[in-house]
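Engineer: Below are the structure tokens for one structure; questions will follow.
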Amino acid sequence: METKPVHFKNLSREESYGYDRKTLDYIRNAAAHGLYEIRGMGAKRKLPNFDDLVFLGASMSRYPLEGYREKCITKTLLGTRFAKKPIELDIPITVAGMSFGALSANVKEALGLAATEMGTSTTTGDGGMTPEERRSSKTLIYQCLPSRYGFNPDDVRKADAIEVVIGQGAKPGGGGMLLGQKVNPRVAKMRTLPEGVDQRSACRHPDWTGPDDLAIKIQELREITDWEKPIYVKVGATRTFNDVKLAVHSGADVVVVDGMQGGTAATQTCFIEHVGIPTLAAVRQAVDALEDLDMKGKVQLVVSGGIRTGADVAKALAMGADAVAIGQGVLVALGCNGETYFQNGGHHDAIADYNALGTTPGFCHHCHTGKCPVGITTQDAILEQRLSPAVGAKHLKNYLKTLNMELTTIARACGKQNVHHLEPEDLVALTIEAAAMAGVPLAGTSWIPGRGF
Amino acid sequence: MCGIVGLLVKTPALREKLGELMVPMLIGMTERGPDSAGLAVFGTPLAENERKISLYSGLTDDGADFNWLGLTHELKGHLGVSATVEPKGNHAILSFDIAPTVVKRWIKEHHPKLHILSTGRSIDLYKDIGTPAEVAARYGFAGLTGSHLVGHTRMATESAVTPDRAHPFTAGEDFCLVHNGSLSNPNGIRRMLEPRGITFETDNDTEAACRFLEWRLREGDDLETALQKGFEELDGFFTFLMGTPDKLALIRDPFACKPAVVAETDDYVAIASEFRSLAHLPGIKHANVFEPAPEEMYVWNA
Amino acid sequence: MERLTFDLAAQPLRELNTFLHTGAKEGKVGHVTVLNPDGAHNIAVGLDCPIEVDVVGHAGYYAGGMNKTATVTITGSAGTGVAENMMSGKVHVKGFASNGAGASAHGGLLVIEGDAGLRCGISLKGGNIVVGGSVGSFSAFMAQAGRMVICGDAGDALGDSLYEAVLYVKGKVKSLGADAQYEPMTEADVAAVASLLDQAGLEHDPKAFRRIASKRSLYHWNADANQEY
């Protein structure tokens, strides 16, 4: 009997760099829906970040400190320029502004509880101040955003500091966004919106534009609060050198700079990935601006946008920040992208709920849907029960504690008795881009691209 | 970001007090513009064949000790021109009766660090770094006389704080502009003008607007037409105040985010970014005080 | 009830505001006159008790900002953001108002007898605004709740991205903003306008006003609807 030859098909798999599968998906989606993609989380693309810097620990030329026995101070003071009552923190790690609306009330309470235990601050967001957050958080920064949702003088008086938001790293130049499924009755009432509408906040403040008018607005906030509370100014990182100088000229006590890796609960992907500069480059510019004005130490700098680890915190401080703010990392500590959630005394599998969203743990960015499988970025009455404030607070406290321990470990290794004594000369870069952006030499050389040898 | 002031006197008797009335206006804008200040004043024009240029020596090695008299002697020797000079420290007004391009070319060759602030028959221009009060005292603004002036206090947004980046900016002869706001396409405007032989001295966005408008005027547009083209081509937020020998002109972009207030009486027209700069003016309590509308041209004749 | 006078030519603004925040609250002073405001910014901001404040002259930015329960009268003109974020009470401007008048006000009544600049009532959140004159462009931009009565004309893009706020205009409207539309005046509308005009002390026939409200078509994204954003 004849045997027919068997032919094996060889599939050609030459992927295009420019038109890779991700891009093909993007075009197909656009063709199908006629609308841009909106998602949560910050920039996912590979960018120069703090991992590209390493510390020069002590050895022969410098002496390290012992852990435990030899103290390493982490106390941080923010807002010393004009305010009668500056913000006193036990650690230089704060919780970034995230709105009630983007997050559930339970989460806002968890953040407050953990922050209070760790002696640090939380920040309200585009939805205003909830009573739960004010009750649970010992130090609360109150954001004044372009939308002014829920903004009112009683909460201004209740706050410990006011943060005038010009932009955030995920979308510098853009306003907040909350899709209809998350505008439930409570959120709607707080934001003076009809229930269920797709909310797009304004991108400019309604009653001032430009640093010359911001100066008057900041004065208004000071006059209302009888000059007691620090006024922060927050910018998404773009022309950071100029922006920080202008923030100082406008009278800010504290400047908050949020790099492009900064998170969001709902933003157009094209905005997240293509507008704004990496945090690494922004910190350098911000510090240069303060030094140029001889305001380093007089106006404090808070850096955010992809701060994930204790090493990140240490590097941000070494580059000149006075403190950092963390958003995404905090949510991950609470369970974001985790496989399970904790409810009624036991762990429950959430994977099916991720799959229902078209994703799976570790890849989820679906905060905008309001169907967070672990109950964090949701307003759904059932889903929000998956995050209990007490349990969440415990996890967040552990995370913050770990970050702080890593920070002090590194600081001690560099011979510092105070984490604020970390300096840029303690760092070197592993890549040319990072060296250029951060303004520190390439490891093993004295070369800083753009600044000479 | 910045503060702008403008003043045009209608009654001839007030020409003597132009500077005196203006100094508190300028100082009132200090919080809006603490970095630098400047103004351009228009007075009785020189004869047709005469010209004057305002010069700044702050960037030269001698600075405020620049030998201005020596400069006139050099000019006499090299160009045969009898020039007169009115010095005030790092500033001087040089007057002569030959073509200004000849003198300016000579200055660029022999004193490249001497900065030419303005050219014309009517205009004198002063600008420097420092607070408005410091700059006003340095140049004796309170004693200035003339028919109208345009002034500015600066809070630098993108370009550096240097004397040449302060406002007003001039282009051509007897034209100047001050700006409150921030243009979003200054580089495109610059790249459009440079091939037409227009050279820029700074990277300041206001200079782009100034040279654009002067280019239109030079090409034969009347002021209104030039301003209309400005609305179409210039992008961003702006309140512009411009001076020519016989006019003061004001425009605001369609969003009108940057403030402007006008106070008009039978004796004067005063313009400022905020009312508090006008509060001291005589007769202000009965003045017609109004805000100029966006995208409209306001032109007052001196 | 005592009456007090503050002269801003002689006393710093901070003293006036601190007094209005603390000293006035004890209830002994019912009326404060502020002389020589001369365009100063932030006069009478953050008031929190039912006191009467008369500002004699022109006010700068944010006069009466974040007002709660107080009554602030400005005899001259007011700068940018008069009564911004007001929660309750009343602010009355006898002259004209600059840009952003009543921005983001949650409650209370803002009366402007003269014209108002651009963006009057921007981001309104429940307050009422009555303008005796005309309003500039982009007025009631993203106005979420509350009412605005305009006795004169309106500029371009009136009520752009309007939510649930309702506008009443007597004069000409240069153009309506995205999602704003004319609607017929009901008896309830006529009564509302009459009441607001009465509270403002202005005399106009309420039936001469047109009602403008949101089409509500921008509330949800719809790719097929050719929406700009």
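Scheme for the structure tokens: letters A, B, ... for chains in order shown; per-chain residue numbers from 1; ligand numbers from 1 in order shown.
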Within 8 Å of Arg276 (chain B), counting only C-alpha atoms, which residues show up once you throw out same-chain ones fewer than 6 positions away? Write them as an NGL selection string, please.

Structural biologist: (:B and (28)) or (:C and (38-40 or 60))

Engineer: Please, which residues of region 21-251 of chain B, numbered as in this document, come out strand (DSSP E or B) from DSSP, as a PyMOL selection string?

Structural biologist: chain B and resi 36-42+51-56+84-88+91-96+115-120+123-129+148-154+169-170+176-183+236-244+247-251

Engineer: Put those residues in a file: C-alpha atoms, as a compact mmCIF listing (two decimals), in the first residue's frame.

Structural biologist:
```txt
# COMPACT_ATOMS: atom_id res chain seq x y z
CA SER B 36 11.50 92.19 35.92
CA ALA B 37 9.75 95.31 34.67
CA GLY B 38 9.83 97.61 31.71
CA LEU B 39 7.98 100.28 29.84
CA ALA B 40 7.91 102.09 26.54
CA VAL B 41 6.95 105.76 26.51
CA PHE B 42 5.90 107.76 23.47
CA ARG B 51 16.09 108.87 15.07
CA LYS B 52 16.74 107.72 18.59
CA ILE B 53 17.56 104.31 19.99
CA SER B 54 17.28 103.14 23.58
CA LEU B 55 20.28 101.15 24.70
CA TYR B 56 20.95 98.81 27.64
CA THR B 84 23.62 113.08 21.63
CA VAL B 85 23.19 110.75 24.56
CA GLU B 86 20.98 110.85 27.67
CA PRO B 87 22.40 108.27 30.09
CA LYS B 88 20.84 106.77 33.21
CA HIS B 91 20.47 102.76 30.07
CA ALA B 92 20.84 105.53 27.52
CA ILE B 93 18.92 107.21 24.72
CA LEU B 94 21.10 107.90 21.70
CA SER B 95 19.80 110.43 19.15
CA PHE B 96 21.25 111.13 15.71
CA HIS B 115 21.51 95.63 23.81
CA ILE B 116 19.36 97.75 21.51
CA LEU B 117 15.97 98.15 23.17
CA SER B 118 14.04 100.25 20.67
CA THR B 119 14.31 102.39 17.54
CA GLY B 120 12.17 105.23 16.34
CA ILE B 123 9.61 105.75 21.50
CA ASP B 124 11.89 105.36 24.50
CA LEU B 125 12.09 101.92 26.06
CA TYR B 126 13.39 100.77 29.42
CA LYS B 127 13.51 97.25 30.84
CA ASP B 128 15.58 95.42 33.39
CA ILE B 129 15.49 92.65 35.99
CA HIS B 148 1.20 107.50 26.29
CA LEU B 149 3.06 104.49 27.56
CA VAL B 150 2.94 100.72 27.78
CA GLY B 151 4.38 98.97 30.83
CA HIS B 152 4.87 95.46 32.11
CA THR B 153 5.89 93.43 35.15
CA ARG B 154 7.10 89.90 34.56
CA PHE B 169 9.30 93.86 23.05
CA THR B 170 9.79 96.02 20.00
CA CYS B 176 6.07 97.82 21.04
CA LEU B 177 4.05 95.12 22.71
CA VAL B 178 3.50 93.73 26.19
CA HIS B 179 1.81 90.44 26.90
CA ASN B 180 0.04 88.74 29.76
CA GLY B 181 -0.52 85.08 29.06
CA SER B 182 1.26 82.23 27.32
CA LEU B 183 1.30 81.43 23.62
CA GLY B 236 -2.82 80.43 23.37
CA PHE B 237 -3.99 82.83 26.03
CA PHE B 238 -3.15 86.48 25.70
CA THR B 239 -3.95 90.01 26.56
CA PHE B 240 -1.79 92.22 24.30
CA LEU B 241 -1.22 95.92 24.81
CA MET B 242 0.55 97.65 21.95
CA GLY B 243 1.95 101.13 21.39
CA THR B 244 2.58 103.08 18.19
CA LYS B 247 -2.10 104.83 19.26
CA LEU B 248 -2.56 102.50 22.18
CA ALA B 249 -4.21 99.19 21.25
CA LEU B 250 -5.54 96.32 23.38
CA ILE B 251 -6.78 92.86 22.44
```

Engineer: Output the contact residues of chain A with respect to chain B at a cut-off of 8 Å, based on only C-alpha atoms, as JSON, numbers by chain.

Structural biologist: {"A": [208, 209, 210, 211, 212, 213, 215, 242, 243, 246, 249]}

Engineer: Output C-alpha atoms for every residue in the selection just made, as a PDB file, in the first residue's frame.

Structural biologist:
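Written file, out09.pdb:
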```pdb
ATOM      1  CA  TRP A 208      -8.169  81.093  37.635  1.00  0.00           C
ATOM      2  CA  THR A 209      -5.694  80.374  34.832  1.00  0.00           C
ATOM      3  CA  GLY A 210      -1.963  80.846  35.060  1.00  0.00           C
ATOM      4  CA  PRO A 211       0.445  81.281  37.948  1.00  0.00           C
ATOM      5  CA  ASP A 212      -0.234  84.997  38.367  1.00  0.00           C
ATOM      6  CA  ASP A 213      -3.889  84.250  39.125  1.00  0.00           C
ATOM      7  CA  ALA A 215      -1.111  83.371  43.442  1.00  0.00           C
ATOM      8  CA  ASN A 242       9.159  75.868  34.686  1.00  0.00           C
ATOM      9  CA  ASP A 243       6.095  74.542  36.510  1.00  0.00           C
ATOM     10  CA  LEU A 246       5.925  79.015  38.890  1.00  0.00           C
ATOM     11  CA  HIS A 249       6.237  82.064  42.641  1.00  0.00           C
TER      12      HIS A 249
END
```

Engineer: Could the residues of chain A within 6 Å of chain C, counting only C-alpha atoms, be given as an MDAnalysis selection string, please?

Structural biologist: chainID A and resid 34:35 153 197:198 207 220 224

Engineer: Produce a table with one row for each residue of chain B that has an atom at most 10 Å from any atom of chain C, each row naming the nearest atom pair and its distance in Å at one decimal; use only C-alpha atoms; arrange rows by chain and rising residue number; format as JSON lines.

Structural biologist:
```
{"residue": "B:Pro254", "atom": "CA", "partner": "C:Ser137", "partner_atom": "CA", "distance": 8.6}
{"residue": "B:Phe255", "atom": "CA", "partner": "C:Leu118", "partner_atom": "CA", "distance": 8.0}
{"residue": "B:Ala256", "atom": "CA", "partner": "C:Leu118", "partner_atom": "CA", "distance": 7.5}
{"residue": "B:Cys257", "atom": "CA", "partner": "C:Asn99", "partner_atom": "CA", "distance": 7.8}
{"residue": "B:Lys258", "atom": "CA", "partner": "C:Asn99", "partner_atom": "CA", "distance": 9.6}
{"residue": "B:Pro259", "atom": "CA", "partner": "C:Thr80", "partner_atom": "CA", "distance": 8.2}
{"residue": "B:Ala260", "atom": "CA", "partner": "C:Ser98", "partner_atom": "CA", "distance": 9.3}
{"residue": "B:Val261", "atom": "CA", "partner": "C:Ser98", "partner_atom": "CA", "distance": 9.1}
{"residue": "B:Glu274", "atom": "CA", "partner": "C:Gly39", "partner_atom": "CA", "distance": 7.3}
{"residue": "B:Phe275", "atom": "CA", "partner": "C:Gly39", "partner_atom": "CA", "distance": 5.1}
{"residue": "B:Arg276", "atom": "CA", "partner": "C:Gly39", "partner_atom": "CA", "distance": 4.3}
{"residue": "B:Ser277", "atom": "CA", "partner": "C:Gly39", "partner_atom": "CA", "distance": 8.1}
{"residue": "B:Leu278", "atom": "CA", "partner": "C:Asp38", "partner_atom": "CA", "distance": 8.3}
{"residue": "B:Ala279", "atom": "CA", "partner": "C:Asp38", "partner_atom": "CA", "distance": 5.3}
{"residue": "B:His280", "atom": "CA", "partner": "C:Asp38", "partner_atom": "CA", "distance": 8.1}
{"residue": "B:Lys285", "atom": "CA", "partner": "C:Gly57", "partner_atom": "CA", "distance": 8.3}
{"residue": "B:Val289", "atom": "CA", "partner": "C:Ser77", "partner_atom": "CA", "distance": 8.6}
{"residue": "B:Phe290", "atom": "CA", "partner": "C:Phe96", "partner_atom": "CA", "distance": 7.9}
{"residue": "B:Glu291", "atom": "CA", "partner": "C:Ser98", "partner_atom": "CA", "distance": 7.3}
{"residue": "B:Pro292", "atom": "CA", "partner": "C:Gly117", "partner_atom": "CA", "distance": 9.4}
{"residue": "B:Ala293", "atom": "CA", "partner": "C:Gly136", "partner_atom": "CA", "distance": 8.0}
{"residue": "B:Pro294", "atom": "CA", "partner": "C:Ser137", "partner_atom": "CA", "distance": 8.8}
```

Engineer: As a list of chain:residue names, please: the residues near region 268-278 of chain A (cut-off 6 Å, only C-alpha atoms, same-chain neighbours under 5 positions excluded).

Structural biologist: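 Listing them by chain and then by number gives A:Glu37, A:Ile38, A:Ala43, A:Ala170, A:Lys171, A:Ala237, A:Thr238, A:Gly259, A:Met260.
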
Engineer: Identify which of the residues A:Glu133, A:Ser147, A:Lys229, A:Ala110 lies closest to Glu163 (chain A), counting only C-alpha atoms when measuring atom-to-atom distances.

Structural biologist: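 Between A:Glu133, A:Ser147, A:Lys229, A:Ala110, the residue approaching Glu163 (chain A) most closely is A:Lys229.
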
Engineer: Nearest to Tyr63 (chain A) among A:Tyr17, A:Asp292, A:Gly415, A:Gln199, with distances taken over only C-alpha atoms: which residue is it?

Structural biologist: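 Using only C-alpha atoms, Tyr63 (chain A) sits closest to A:Gly415.
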
Engineer: Can you work out the spacing between CA of Leu65 (chain A) and CA of Pro92 (chain A) in Å, to one decimal?

Structural biologist: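 CA of Pro92 (chain A) lies at a distance of 19.7 Å from CA of Leu65 (chain A).
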
Engineer: Find the residues near Leu75 (chain B): any atom within 12 Å, counting only C-alpha atoms, skip ones fewer than 2 places away on the same chain, and give them as a ChimeraX atom specification.

Structural biologist: /B:68-73,77-85,94-96,98,102-107,110-111

Engineer: Write down as number ranges by chain the residues belonging to region 100-266 of chain A that are assigned alpha helix (DSSP H) by DSSP computed on the backbone.

Structural biologist: A: 105-118, 131-136, 153-158, 185-191, 211-224, 240-249

Engineer: A:Ala252, A:Ile376, A:Met177, A:Ala161: which is nearest Leu111 (chain A), counting only C-alpha atoms?

Structural biologist: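 Closest residue, counting only C-alpha atoms: A:Ile376.
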
Engineer: Could you give me, as a PyMOL selection string, the residues within 7 Å of Phe6 (chain C), counting only C-alpha atoms and dropping anything in the same chain fewer than 6 positions from it?

Structural biologist: chain C and resi 16+33-35

Engineer: In Å to one decimal, how far is CA of Ile410 (chain A) from CA of Val440 (chain A)?

Structural biologist: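 Computing it gives 17.9 Å between the two atoms.
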
Engineer: From the options A:His368, A:Lys315, A:Lys234, A:His205, which residue's atoms come nearest to Pro172 (chain A), counting only C-alpha atoms?

Structural biologist: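 Checking each of A:His368, A:Lys315, A:Lys234, A:His205 against Pro172 (chain A), counting only C-alpha atoms, the winner is A:Lys234.
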
Engineer: Could you check the closest approach to Asp164 (chain B) for each of B:Leu114, B:Leu21, B:Ile284, B:Ala272 and tell me which residue wins, using only C-alpha atoms?

Structural biologist: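 Between B:Leu114, B:Leu21, B:Ile284, B:Ala272, the residue approaching Asp164 (chain B) most closely is B:Leu114.
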
Engineer: Neighbours of Phe82 (chain A) within 12 Å (only C-alpha atoms; same-chain residues fewer than 5 positions away dropped), as a list in words?

Structural biologist: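 My list of contacting residues is Ile87, Ala161, Ile218, Gln219, Arg222, Glu223, Asp226, Trp227, Glu228, Lys229, Pro230, Ile231, Tyr232, Val248, Gly251, Ala252, Asp253, Val254, Lys298, Val299 and Gln300 of chain A.
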
Engineer: Which residues, written as a PyMOL selection string, have at least one atom at most 9 Å from Cys336 (chain A), with only C-alpha atoms counted and residues fewer than 5 positions away on the same chain left out?

Structural biologist: chain A and resi 328-331+361-362+364+372-377

Engineer: Between CA of Asp160 (chain A) and CA of Pro86 (chain A), what is the spacing in Å?

Structural biologist: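 These two atoms are separated by 8.4 Å.
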